[in-house]
Amino acid sequence: MKIKPHLRTIVKWICIFAIFTIMYIFLVKPVLFPTLHLNSVITIRNSGSTNQPGWRLDIFSNGSGNLLISPHKEQRKRSVSKVYQPNTFHEIKKTLDQINDVAAIHTVSSCIKSVSFGSKTTVSYKGKTSGDVSCIRSDAPKPEKELSKELYSLSTILIN
């Protein structure tokens, strides 16, 4: 049985489409969207303030991350999204592994902050969420103090 020429052309185009789809899925997509297939391991949120935008950083198991900076409506700016390569946030994950239970981080219940610049930073890790890690108690263990310093430094780098 002979295949008509126009059907042969259709079959050829379907095969070409299938080949390009497979190439995209296995070659292009992992390079352009390296964190798309990963689940977020750590989520760090900063509420922002009158003068600073809020942000959310999702860190993945390979140390890569996605950042979303969301200015307040009064700031009249657009949201910005950034992608970070693997191992960028390895140190934060290492510190959180030492702490283990972020809900037990020793934070100050009422922390005095500037109205214009005060913000709240929380960390979600292993299904638990911390209090405001920008307000760590003075008697907190060393890893908790290190985390607070790392996140303060990170926040100044991320939003600038």
# chains A, B, ... in the order shown; residues from 1 in each chain; ligands from 1
$ residues_around --residues "Lys126 of chain A" --least-positions-apart "4" --cutoff "10 Å" --atoms "only C-alpha atoms" --output "number ranges by chain"
A: 41-43, 96-97, 100-103
$ write_last_selection --atoms "N, CA, C and O atoms" --output "PDB file, in the first residue's frame"
ATOM      1  N   VAL A  41      13.611  24.065  49.042  1.00  0.00           N
ATOM      2  CA  VAL A  41      14.005  23.478  50.311  1.00  0.00           C
ATOM      3  C   VAL A  41      13.908  24.526  51.411  1.00  0.00           C
ATOM      4  O   VAL A  41      13.515  24.245  52.525  1.00  0.00           O
ATOM      5  N   ILE A  42      14.275  25.755  51.070  1.00  0.00           N
ATOM      6  CA  ILE A  42      14.288  26.867  52.028  1.00  0.00           C
ATOM      7  C   ILE A  42      13.560  28.042  51.386  1.00  0.00           C
ATOM      8  O   ILE A  42      13.785  28.353  50.222  1.00  0.00           O
ATOM      9  N   THR A  43      12.705  28.690  52.159  1.00  0.00           N
ATOM     10  CA  THR A  43      12.074  29.923  51.690  1.00  0.00           C
ATOM     11  C   THR A  43      12.367  31.011  52.716  1.00  0.00           C
ATOM     12  O   THR A  43      12.080  30.850  53.896  1.00  0.00           O
ATOM     13  N   LEU A  96      21.577  26.427  58.316  1.00  0.00           N
ATOM     14  CA  LEU A  96      20.251  25.918  58.696  1.00  0.00           C
ATOM     15  C   LEU A  96      20.296  24.452  59.093  1.00  0.00           C
ATOM     16  O   LEU A  96      19.538  24.018  59.969  1.00  0.00           O
ATOM     17  N   ASP A  97      21.183  23.677  58.491  1.00  0.00           N
ATOM     18  CA  ASP A  97      21.343  22.282  58.898  1.00  0.00           C
ATOM     19  C   ASP A  97      21.859  22.198  60.334  1.00  0.00           C
ATOM     20  O   ASP A  97      21.481  21.293  61.084  1.00  0.00           O
ATOM     21  N   ASN A 100      18.687  23.260  62.436  1.00  0.00           N
ATOM     22  CA  ASN A 100      17.694  22.217  62.224  1.00  0.00           C
ATOM     23  C   ASN A 100      16.252  22.700  62.397  1.00  0.00           C
ATOM     24  O   ASN A 100      15.500  22.705  61.452  1.00  0.00           O
ATOM     25  N   ASP A 101      15.842  23.118  63.589  1.00  0.00           N
ATOM     26  CA  ASP A 101      14.454  23.531  63.840  1.00  0.00           C
ATOM     27  C   ASP A 101      14.356  25.058  63.847  1.00  0.00           C
ATOM     28  O   ASP A 101      14.618  25.698  64.865  1.00  0.00           O
ATOM     29  N   VAL A 102      13.965  25.640  62.716  1.00  0.00           N
ATOM     30  CA  VAL A 102      13.923  27.104  62.632  1.00  0.00           C
ATOM     31  C   VAL A 102      12.841  27.709  63.519  1.00  0.00           C
ATOM     32  O   VAL A 102      12.938  28.867  63.919  1.00  0.00           O
ATOM     33  N   ALA A 103      11.819  26.940  63.845  1.00  0.00           N
ATOM     34  CA  ALA A 103      10.762  27.457  64.713  1.00  0.00           C
ATOM     35  C   ALA A 103      11.284  27.700  66.138  1.00  0.00           C
ATOM     36  O   ALA A 103      10.697  28.470  66.898  1.00  0.00           O
TER      37      ALA A 103
END
$ closest_atom_pairs --of "segment 75-99 of chain A" --to "segment 52-71 of chain A" --cutoff "6 Å" --atoms "only C-alpha atoms" --output "JSON lines"
{"residue": "A:Ser79", "atom": "CA", "partner": "A:Ser70", "partner_atom": "CA", "distance": 4.6}
{"residue": "A:Val80", "atom": "CA", "partner": "A:Ile69", "partner_atom": "CA", "distance": 5.1}
{"residue": "A:Ser81", "atom": "CA", "partner": "A:Leu68", "partner_atom": "CA", "distance": 4.5}
{"residue": "A:Lys82", "atom": "CA", "partner": "A:Leu67", "partner_atom": "CA", "distance": 5.0}
{"residue": "A:Val83", "atom": "CA", "partner": "A:Asn66", "partner_atom": "CA", "distance": 4.6}
{"residue": "A:Tyr84", "atom": "CA", "partner": "A:Gly65", "partner_atom": "CA", "distance": 4.9}
{"residue": "A:Gln85", "atom": "CA", "partner": "A:Ser64", "partner_atom": "CA", "distance": 4.8}
{"residue": "A:Pro86", "atom": "CA", "partner": "A:Ser64", "partner_atom": "CA", "distance": 3.9}
{"residue": "A:Asn87", "atom": "CA", "partner": "A:Gly63", "partner_atom": "CA", "distance": 4.1}
{"residue": "A:Thr88", "atom": "CA", "partner": "A:Gly63", "partner_atom": "CA", "distance": 5.5}
{"residue": "A:Phe89", "atom": "CA", "partner": "A:Gly63", "partner_atom": "CA", "distance": 4.9}
{"residue": "A:His90", "atom": "CA", "partner": "A:Gly63", "partner_atom": "CA", "distance": 5.0}
$ write_last_selection --atoms "C-alpha atoms" --output "mmCIF file, in the first residue's frame"
data_model
loop_
_atom_site.group_PDB
_atom_site.id
_atom_site.type_symbol
_atom_site.label_atom_id
_atom_site.label_comp_id
_atom_site.auth_asym_id
_atom_site.auth_seq_id
_atom_site.Cartn_x
_atom_site.Cartn_y
_atom_site.Cartn_z
ATOM 1 C CA SER A 79 8.446 43.280 40.614
ATOM 2 C CA VAL A 80 11.813 41.836 39.666
ATOM 3 C CA SER A 81 12.749 38.168 39.429
ATOM 4 C CA LYS A 82 16.294 36.770 39.492
ATOM 5 C CA VAL A 83 17.686 33.246 39.173
ATOM 6 C CA TYR A 84 20.872 32.196 40.986
ATOM 7 C CA GLN A 85 23.147 29.318 39.945
ATOM 8 C CA PRO A 86 23.751 26.104 41.945
ATOM 9 C CA ASN A 87 25.850 26.419 45.119
ATOM 10 C CA THR A 88 25.129 30.155 45.461
ATOM 11 C CA PHE A 89 23.314 29.667 48.782
ATOM 12 C CA HIS A 90 25.237 26.649 50.072
#
$ select_by_dssp --residues "segment 11-159 of chain A" --states "strand (DSSP E or B)" --output "JSON, numbers by chain"
{"A": [40, 41, 42, 43, 44, 45, 46, 54, 55, 56, 57, 58, 59, 60, 65, 66, 67, 68, 69, 70, 80, 81, 82, 83, 84, 107, 121, 122, 123, 124, 125, 128, 129, 136]}
$ closest_residue --among "A:Ile92, A:Ile44, A:Ile99, A:Cys135" --to "Ile112 of chain A" --atoms "only C-alpha atoms"
A:Cys135
$ select_by_dssp --residues "segment 44-148 of chain A" --states "alpha helix (DSSP H)" --output "MDAnalysis selection string"
chainID A and resid 90:99 142:148
$ decode --residues "segment 106-145 of chain A" --atoms "N, CA and C atoms" --output "PDB file, in the first residue's frame"
ATOM      1  N   HIS A 106      15.925  31.484  68.662  1.00  0.00           N
ATOM      2  CA  HIS A 106      15.725  32.415  69.780  1.00  0.00           C
ATOM      3  C   HIS A 106      15.574  33.844  69.267  1.00  0.00           C
ATOM      4  N   THR A 107      14.342  34.249  69.037  1.00  0.00           N
ATOM      5  CA  THR A 107      14.080  35.608  68.555  1.00  0.00           C
ATOM      6  C   THR A 107      13.466  36.442  69.667  1.00  0.00           C
ATOM      7  N   VAL A 108      13.597  37.744  69.537  1.00  0.00           N
ATOM      8  CA  VAL A 108      13.009  38.678  70.487  1.00  0.00           C
ATOM      9  C   VAL A 108      11.544  38.867  70.088  1.00  0.00           C
ATOM     10  N   SER A 109      10.636  38.762  71.057  1.00  0.00           N
ATOM     11  CA  SER A 109       9.207  38.858  70.717  1.00  0.00           C
ATOM     12  C   SER A 109       8.803  40.263  70.274  1.00  0.00           C
ATOM     13  N   SER A 110       9.341  41.278  70.900  1.00  0.00           N
ATOM     14  CA  SER A 110       9.034  42.640  70.459  1.00  0.00           C
ATOM     15  C   SER A 110      10.352  43.342  70.157  1.00  0.00           C
ATOM     16  N   CYS A 111      10.555  43.585  68.889  1.00  0.00           N
ATOM     17  CA  CYS A 111      11.819  44.139  68.409  1.00  0.00           C
ATOM     18  C   CYS A 111      11.560  45.567  67.924  1.00  0.00           C
ATOM     19  N   ILE A 112      12.293  46.526  68.458  1.00  0.00           N
ATOM     20  CA  ILE A 112      12.100  47.918  68.076  1.00  0.00           C
ATOM     21  C   ILE A 112      12.832  48.173  66.757  1.00  0.00           C
ATOM     22  N   LYS A 113      12.094  48.719  65.778  1.00  0.00           N
ATOM     23  CA  LYS A 113      12.657  48.990  64.457  1.00  0.00           C
ATOM     24  C   LYS A 113      12.179  50.340  63.948  1.00  0.00           C
ATOM     25  N   SER A 114      12.933  50.873  63.026  1.00  0.00           N
ATOM     26  CA  SER A 114      12.557  52.114  62.369  1.00  0.00           C
ATOM     27  C   SER A 114      11.299  51.897  61.533  1.00  0.00           C
ATOM     28  N   VAL A 115      10.405  52.867  61.534  1.00  0.00           N
ATOM     29  CA  VAL A 115       9.194  52.779  60.731  1.00  0.00           C
ATOM     30  C   VAL A 115       9.540  52.766  59.247  1.00  0.00           C
ATOM     31  N   SER A 116      10.528  53.550  58.860  1.00  0.00           N
ATOM     32  CA  SER A 116      10.888  53.659  57.447  1.00  0.00           C
ATOM     33  C   SER A 116      11.713  52.488  56.931  1.00  0.00           C
ATOM     34  N   PHE A 117      12.536  51.895  57.793  1.00  0.00           N
ATOM     35  CA  PHE A 117      13.451  50.862  57.329  1.00  0.00           C
ATOM     36  C   PHE A 117      13.243  49.504  57.991  1.00  0.00           C
ATOM     37  N   GLY A 118      12.386  49.424  58.977  1.00  0.00           N
ATOM     38  CA  GLY A 118      12.176  48.162  59.687  1.00  0.00           C
ATOM     39  C   GLY A 118      11.408  47.156  58.847  1.00  0.00           C
ATOM     40  N   SER A 119      11.888  45.920  58.842  1.00  0.00           N
ATOM     41  CA  SER A 119      11.199  44.858  58.119  1.00  0.00           C
ATOM     42  C   SER A 119      11.283  43.578  58.939  1.00  0.00           C
ATOM     43  N   LYS A 120      10.548  42.577  58.521  1.00  0.00           N
ATOM     44  CA  LYS A 120      10.534  41.280  59.202  1.00  0.00           C
ATOM     45  C   LYS A 120      11.067  40.237  58.229  1.00  0.00           C
ATOM     46  N   THR A 121      12.015  39.423  58.686  1.00  0.00           N
ATOM     47  CA  THR A 121      12.584  38.364  57.862  1.00  0.00           C
ATOM     48  C   THR A 121      12.323  37.017  58.522  1.00  0.00           C
ATOM     49  N   THR A 122      11.668  36.113  57.784  1.00  0.00           N
ATOM     50  CA  THR A 122      11.390  34.778  58.308  1.00  0.00           C
ATOM     51  C   THR A 122      12.002  33.721  57.387  1.00  0.00           C
ATOM     52  N   VAL A 123      12.261  32.554  57.964  1.00  0.00           N
ATOM     53  CA  VAL A 123      12.832  31.433  57.218  1.00  0.00           C
ATOM     54  C   VAL A 123      11.918  30.231  57.387  1.00  0.00           C
ATOM     55  N   SER A 124      11.565  29.598  56.266  1.00  0.00           N
ATOM     56  CA  SER A 124      10.816  28.345  56.308  1.00  0.00           C
ATOM     57  C   SER A 124      11.747  27.235  55.852  1.00  0.00           C
ATOM     58  N   TYR A 125      11.843  26.187  56.699  1.00  0.00           N
ATOM     59  CA  TYR A 125      12.773  25.097  56.427  1.00  0.00           C
ATOM     60  C   TYR A 125      12.260  23.838  57.108  1.00  0.00           C
ATOM     61  N   LYS A 126      12.239  22.739  56.401  1.00  0.00           N
ATOM     62  CA  LYS A 126      11.778  21.450  56.912  1.00  0.00           C
ATOM     63  C   LYS A 126      10.360  21.544  57.493  1.00  0.00           C
ATOM     64  N   GLY A 127       9.516  22.313  56.817  1.00  0.00           N
ATOM     65  CA  GLY A 127       8.116  22.401  57.215  1.00  0.00           C
ATOM     66  C   GLY A 127       7.824  23.323  58.384  1.00  0.00           C
ATOM     67  N   LYS A 128       8.821  24.056  58.858  1.00  0.00           N
ATOM     68  CA  LYS A 128       8.628  24.975  59.987  1.00  0.00           C
ATOM     69  C   LYS A 128       9.058  26.372  59.588  1.00  0.00           C
ATOM     70  N   THR A 129       8.498  27.371  60.266  1.00  0.00           N
ATOM     71  CA  THR A 129       8.825  28.767  59.970  1.00  0.00           C
ATOM     72  C   THR A 129       9.331  29.452  61.230  1.00  0.00           C
ATOM     73  N   SER A 130      10.365  30.249  61.063  1.00  0.00           N
ATOM     74  CA  SER A 130      10.986  30.961  62.183  1.00  0.00           C
ATOM     75  C   SER A 130      10.198  32.219  62.528  1.00  0.00           C
ATOM     76  N   GLY A 131      10.580  32.822  63.634  1.00  0.00           N
ATOM     77  CA  GLY A 131      10.140  34.172  63.947  1.00  0.00           C
ATOM     78  C   GLY A 131      11.012  35.122  63.135  1.00  0.00           C
ATOM     79  N   ASP A 132      11.028  36.369  63.513  1.00  0.00           N
ATOM     80  CA  ASP A 132      11.805  37.381  62.803  1.00  0.00           C
ATOM     81  C   ASP A 132      13.291  37.193  63.100  1.00  0.00           C
ATOM     82  N   VAL A 133      14.029  36.644  62.132  1.00  0.00           N
ATOM     83  CA  VAL A 133      15.453  36.360  62.344  1.00  0.00           C
ATOM     84  C   VAL A 133      16.323  37.610  62.326  1.00  0.00           C
ATOM     85  N   SER A 134      15.733  38.757  62.046  1.00  0.00           N
ATOM     86  CA  SER A 134      16.507  39.994  62.158  1.00  0.00           C
ATOM     87  C   SER A 134      16.520  40.478  63.609  1.00  0.00           C
ATOM     88  N   CYS A 135      15.799  39.790  64.481  1.00  0.00           N
ATOM     89  CA  CYS A 135      15.758  40.122  65.912  1.00  0.00           C
ATOM     90  C   CYS A 135      16.128  38.896  66.744  1.00  0.00           C
ATOM     91  N   ILE A 136      17.401  38.530  66.698  1.00  0.00           N
ATOM     92  CA  ILE A 136      17.895  37.380  67.444  1.00  0.00           C
ATOM     93  C   ILE A 136      18.273  37.822  68.859  1.00  0.00           C
ATOM     94  N   ARG A 137      17.931  36.989  69.835  1.00  0.00           N
ATOM     95  CA  ARG A 137      18.280  37.303  71.233  1.00  0.00           C
ATOM     96  C   ARG A 137      19.798  37.248  71.421  1.00  0.00           C
ATOM     97  N   SER A 138      20.295  38.005  72.364  1.00  0.00           N
ATOM     98  CA  SER A 138      21.744  38.062  72.607  1.00  0.00           C
ATOM     99  C   SER A 138      22.294  36.740  73.137  1.00  0.00           C
ATOM    100  N   ASP A 139      21.446  35.925  73.779  1.00  0.00           N
ATOM    101  CA  ASP A 139      21.908  34.643  74.316  1.00  0.00           C
ATOM    102  C   ASP A 139      21.646  33.475  73.348  1.00  0.00           C
ATOM    103  N   ALA A 140      21.323  33.783  72.105  1.00  0.00           N
ATOM    104  CA  ALA A 140      21.053  32.740  71.101  1.00  0.00           C
ATOM    105  C   ALA A 140      22.339  31.982  70.764  1.00  0.00           C
ATOM    106  N   PRO A 141      22.220  30.705  70.394  1.00  0.00           N
ATOM    107  CA  PRO A 141      23.411  29.935  69.989  1.00  0.00           C
ATOM    108  C   PRO A 141      24.091  30.549  68.762  1.00  0.00           C
ATOM    109  N   LYS A 142      25.371  30.264  68.613  1.00  0.00           N
ATOM    110  CA  LYS A 142      26.184  30.840  67.549  1.00  0.00           C
ATOM    111  C   LYS A 142      25.596  30.638  66.146  1.00  0.00           C
ATOM    112  N   PRO A 143      25.108  29.433  65.777  1.00  0.00           N
ATOM    113  CA  PRO A 143      24.552  29.270  64.417  1.00  0.00           C
ATOM    114  C   PRO A 143      23.369  30.209  64.131  1.00  0.00           C
ATOM    115  N   GLU A 144      22.557  30.495  65.142  1.00  0.00           N
ATOM    116  CA  GLU A 144      21.415  31.397  64.960  1.00  0.00           C
ATOM    117  C   GLU A 144      21.890  32.829  64.728  1.00  0.00           C
ATOM    118  N   LYS A 145      22.917  33.237  65.450  1.00  0.00           N
ATOM    119  CA  LYS A 145      23.483  34.573  65.249  1.00  0.00           C
ATOM    120  C   LYS A 145      24.126  34.670  63.863  1.00  0.00           C
TER     121      LYS A 145
END
